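A short worksheet on the structure shown next.
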Amino acid sequence: MATLPIDDDHAPLYSVGQVAAMLDLRQAFLRRLDEYQVVRPRRTEGGQRRYSRVEITRVQYVVELVEEGLTLPAIRRILDLEARVQELERRHEADQRRIRALEARLRGRDAAR
């Protein structure tokens, strides 16, 4: 069965107006998030912003941080650092798997002797 765009959390389906209405925000706030590179929705060929569900979730998170008193440049830095931590955690897990595999191979060689 074919996957529909609506099933894809990353599909850019929602306009600025739709997201603003869903989250009870001003459209200008969403445009500012894009200008400050905090949430970067994709653009249509005509230049209109389109948000995915992933981006909408990120907007909700940003709103929480704004309500805590953080500035948009600070929020952008936090999001960048969180992404970096996630990447480092993925690399660490991959390294740990490789280490376990190498240890298992070494144990197998020692047992064969």
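For the structure tokens, the naming scheme is as follows: chains receive sequential letters (A, B, ...) according to their order of presentation, residues are indexed from 1 within each chain, and ligands are indexed from 1 in presentation order.
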Applying 6 Å and only C-alpha atoms, which residues near segment 13-17 of chain A remain after dropping the ones on its own chain fewer than 2 positions away? List them as JSON, numbers by chain.
{"A": [11, 19, 20, 50, 51, 52]}
Would you pick out the contacts of Val59 of chain A at 9 Å or less, using only C-alpha atoms, so that residues sharing its chain but fewer than 6 positions from it are not included, and give the list as a PyMOL selection string?
chain A and resi 23+30+33+38-39
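The interatomic distance for the pair atom CA of Gln37 of chain A and atom CA of Leu72 of chain A works out to 8.8 Å.
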Please list as a PyMOL selection string every residue within 12 Å of Arg76 of chain A, counting only C-alpha atoms and excluding residues in the same chain fewer than 2 positions away.
chain A and resi 33-40+58-59+61-62+65-66+70-74+78-83
Step one, run DSSP on the backbone; step two, keep only residues of segment 48-85 of chain A assigned to alpha helix (DSSP H); then write them as a PDB file with N, CA and C atoms, in the first residue's frame.
```
ATOM      1  N   ARG A  53       4.455  18.228  10.335  1.00  0.00           N
ATOM      2  CA  ARG A  53       4.093  17.988  11.744  1.00  0.00           C
ATOM      3  C   ARG A  53       5.324  18.073  12.642  1.00  0.00           C
ATOM      4  N   VAL A  54       6.471  17.652  12.140  1.00  0.00           N
ATOM      5  CA  VAL A  54       7.710  17.757  12.914  1.00  0.00           C
ATOM      6  C   VAL A  54       8.005  19.223  13.214  1.00  0.00           C
ATOM      7  N   GLU A  55       7.872  20.073  12.224  1.00  0.00           N
ATOM      8  CA  GLU A  55       8.131  21.496  12.423  1.00  0.00           C
ATOM      9  C   GLU A  55       7.105  22.139  13.342  1.00  0.00           C
ATOM     10  N   ILE A  56       5.867  21.697  13.260  1.00  0.00           N
ATOM     11  CA  ILE A  56       4.830  22.220  14.149  1.00  0.00           C
ATOM     12  C   ILE A  56       5.163  21.860  15.596  1.00  0.00           C
ATOM     13  N   THR A  57       5.620  20.649  15.824  1.00  0.00           N
ATOM     14  CA  THR A  57       6.032  20.236  17.166  1.00  0.00           C
ATOM     15  C   THR A  57       7.195  21.097  17.649  1.00  0.00           C
ATOM     16  N   ARG A  58       8.112  21.399  16.740  1.00  0.00           N
ATOM     17  CA  ARG A  58       9.248  22.254  17.100  1.00  0.00           C
ATOM     18  C   ARG A  58       8.769  23.663  17.456  1.00  0.00           C
ATOM     19  N   VAL A  59       7.796  24.186  16.711  1.00  0.00           N
ATOM     20  CA  VAL A  59       7.225  25.503  17.030  1.00  0.00           C
ATOM     21  C   VAL A  59       6.633  25.477  18.435  1.00  0.00           C
ATOM     22  N   GLN A  60       5.918  24.420  18.777  1.00  0.00           N
ATOM     23  CA  GLN A  60       5.341  24.316  20.123  1.00  0.00           C
ATOM     24  C   GLN A  60       6.438  24.364  21.191  1.00  0.00           C
ATOM     25  N   TYR A  61       7.527  23.672  20.954  1.00  0.00           N
ATOM     26  CA  TYR A  61       8.661  23.667  21.882  1.00  0.00           C
ATOM     27  C   TYR A  61       9.256  25.071  22.003  1.00  0.00           C
ATOM     28  N   VAL A  62       9.411  25.743  20.870  1.00  0.00           N
ATOM     29  CA  VAL A  62       9.952  27.101  20.866  1.00  0.00           C
ATOM     30  C   VAL A  62       9.050  28.036  21.654  1.00  0.00           C
ATOM     31  N   VAL A  63       7.755  27.893  21.492  1.00  0.00           N
ATOM     32  CA  VAL A  63       6.808  28.735  22.242  1.00  0.00           C
ATOM     33  C   VAL A  63       7.018  28.544  23.741  1.00  0.00           C
ATOM     34  N   GLU A  64       7.207  27.297  24.172  1.00  0.00           N
ATOM     35  CA  GLU A  64       7.472  27.032  25.594  1.00  0.00           C
ATOM     36  C   GLU A  64       8.735  27.755  26.053  1.00  0.00           C
ATOM     37  N   LEU A  65       9.778  27.718  25.233  1.00  0.00           N
ATOM     38  CA  LEU A  65      11.029  28.376  25.593  1.00  0.00           C
ATOM     39  C   LEU A  65      10.878  29.898  25.626  1.00  0.00           C
ATOM     40  N   VAL A  66      10.112  30.447  24.691  1.00  0.00           N
ATOM     41  CA  VAL A  66       9.852  31.889  24.683  1.00  0.00           C
ATOM     42  C   VAL A  66       9.100  32.286  25.958  1.00  0.00           C
ATOM     43  N   GLU A  67       8.130  31.459  26.333  1.00  0.00           N
ATOM     44  CA  GLU A  67       7.354  31.740  27.553  1.00  0.00           C
ATOM     45  C   GLU A  67       8.227  31.686  28.804  1.00  0.00           C
ATOM     46  N   LEU A  72      15.035  34.543  20.792  1.00  0.00           N
ATOM     47  CA  LEU A  72      15.118  33.655  19.619  1.00  0.00           C
ATOM     48  C   LEU A  72      16.557  33.257  19.290  1.00  0.00           C
ATOM     49  N   PRO A  73      17.544  34.166  19.376  1.00  0.00           N
ATOM     50  CA  PRO A  73      18.920  33.701  19.148  1.00  0.00           C
ATOM     51  C   PRO A  73      19.353  32.647  20.171  1.00  0.00           C
ATOM     52  N   ALA A  74      18.939  32.806  21.430  1.00  0.00           N
ATOM     53  CA  ALA A  74      19.277  31.811  22.451  1.00  0.00           C
ATOM     54  C   ALA A  74      18.593  30.480  22.151  1.00  0.00           C
ATOM     55  N   ILE A  75      17.359  30.543  21.713  1.00  0.00           N
ATOM     56  CA  ILE A  75      16.615  29.318  21.380  1.00  0.00           C
ATOM     57  C   ILE A  75      17.261  28.616  20.193  1.00  0.00           C
ATOM     58  N   ARG A  76      17.683  29.392  19.183  1.00  0.00           N
ATOM     59  CA  ARG A  76      18.364  28.778  18.037  1.00  0.00           C
ATOM     60  C   ARG A  76      19.623  28.050  18.486  1.00  0.00           C
ATOM     61  N   ARG A  77      20.368  28.661  19.396  1.00  0.00           N
ATOM     62  CA  ARG A  77      21.594  28.029  19.912  1.00  0.00           C
ATOM     63  C   ARG A  77      21.253  26.752  20.677  1.00  0.00           C
ATOM     64  N   ILE A  78      20.221  26.799  21.494  1.00  0.00           N
ATOM     65  CA  ILE A  78      19.796  25.607  22.247  1.00  0.00           C
ATOM     66  C   ILE A  78      19.422  24.485  21.291  1.00  0.00           C
ATOM     67  N   LEU A  79      18.638  24.805  20.272  1.00  0.00           N
ATOM     68  CA  LEU A  79      18.220  23.780  19.306  1.00  0.00           C
ATOM     69  C   LEU A  79      19.420  23.200  18.563  1.00  0.00           C
ATOM     70  N   ASP A  80      20.371  24.064  18.207  1.00  0.00           N
ATOM     71  CA  ASP A  80      21.591  23.578  17.550  1.00  0.00           C
ATOM     72  C   ASP A  80      22.364  22.632  18.469  1.00  0.00           C
ATOM     73  N   LEU A  81      22.489  23.011  19.731  1.00  0.00           N
ATOM     74  CA  LEU A  81      23.223  22.170  20.687  1.00  0.00           C
ATOM     75  C   LEU A  81      22.494  20.855  20.946  1.00  0.00           C
ATOM     76  N   GLU A  82      21.171  20.902  21.025  1.00  0.00           N
ATOM     77  CA  GLU A  82      20.408  19.661  21.211  1.00  0.00           C
ATOM     78  C   GLU A  82      20.599  18.720  20.021  1.00  0.00           C
ATOM     79  N   ALA A  83      20.606  19.280  18.820  1.00  0.00           N
ATOM     80  CA  ALA A  83      20.828  18.451  17.623  1.00  0.00           C
ATOM     81  C   ALA A  83      22.225  17.852  17.654  1.00  0.00           C
ATOM     82  N   ARG A  84      23.192  18.631  18.089  1.00  0.00           N
ATOM     83  CA  ARG A  84      24.579  18.142  18.180  1.00  0.00           C
ATOM     84  C   ARG A  84      24.685  17.002  19.193  1.00  0.00           C
ATOM     85  N   VAL A  85      24.029  17.155  20.334  1.00  0.00           N
ATOM     86  CA  VAL A  85      24.036  16.102  21.354  1.00  0.00           C
ATOM     87  C   VAL A  85      23.409  14.826  20.792  1.00  0.00           C
TER      88      VAL A  85
END
```
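Proximity of A:Ala112, A:Ala104, A:Pro12, A:Arg91 to Arg43 of chain A, computed with only C-alpha atoms, is greatest for A:Pro12.
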Atom CA of Ala101 of chain A and atom CA of Leu88 of chain A are how many Å apart?
19.9 Å
Check chain A with DSSP on the backbone and list each residue it calls strand (DSSP E), as an MDAnalysis selection string.
chainID A and resid 14:15 42:43 49:51
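Separating atom CA of Glu103 of chain A from atom CA of Glu87 of chain A is a distance of 24.3 Å.
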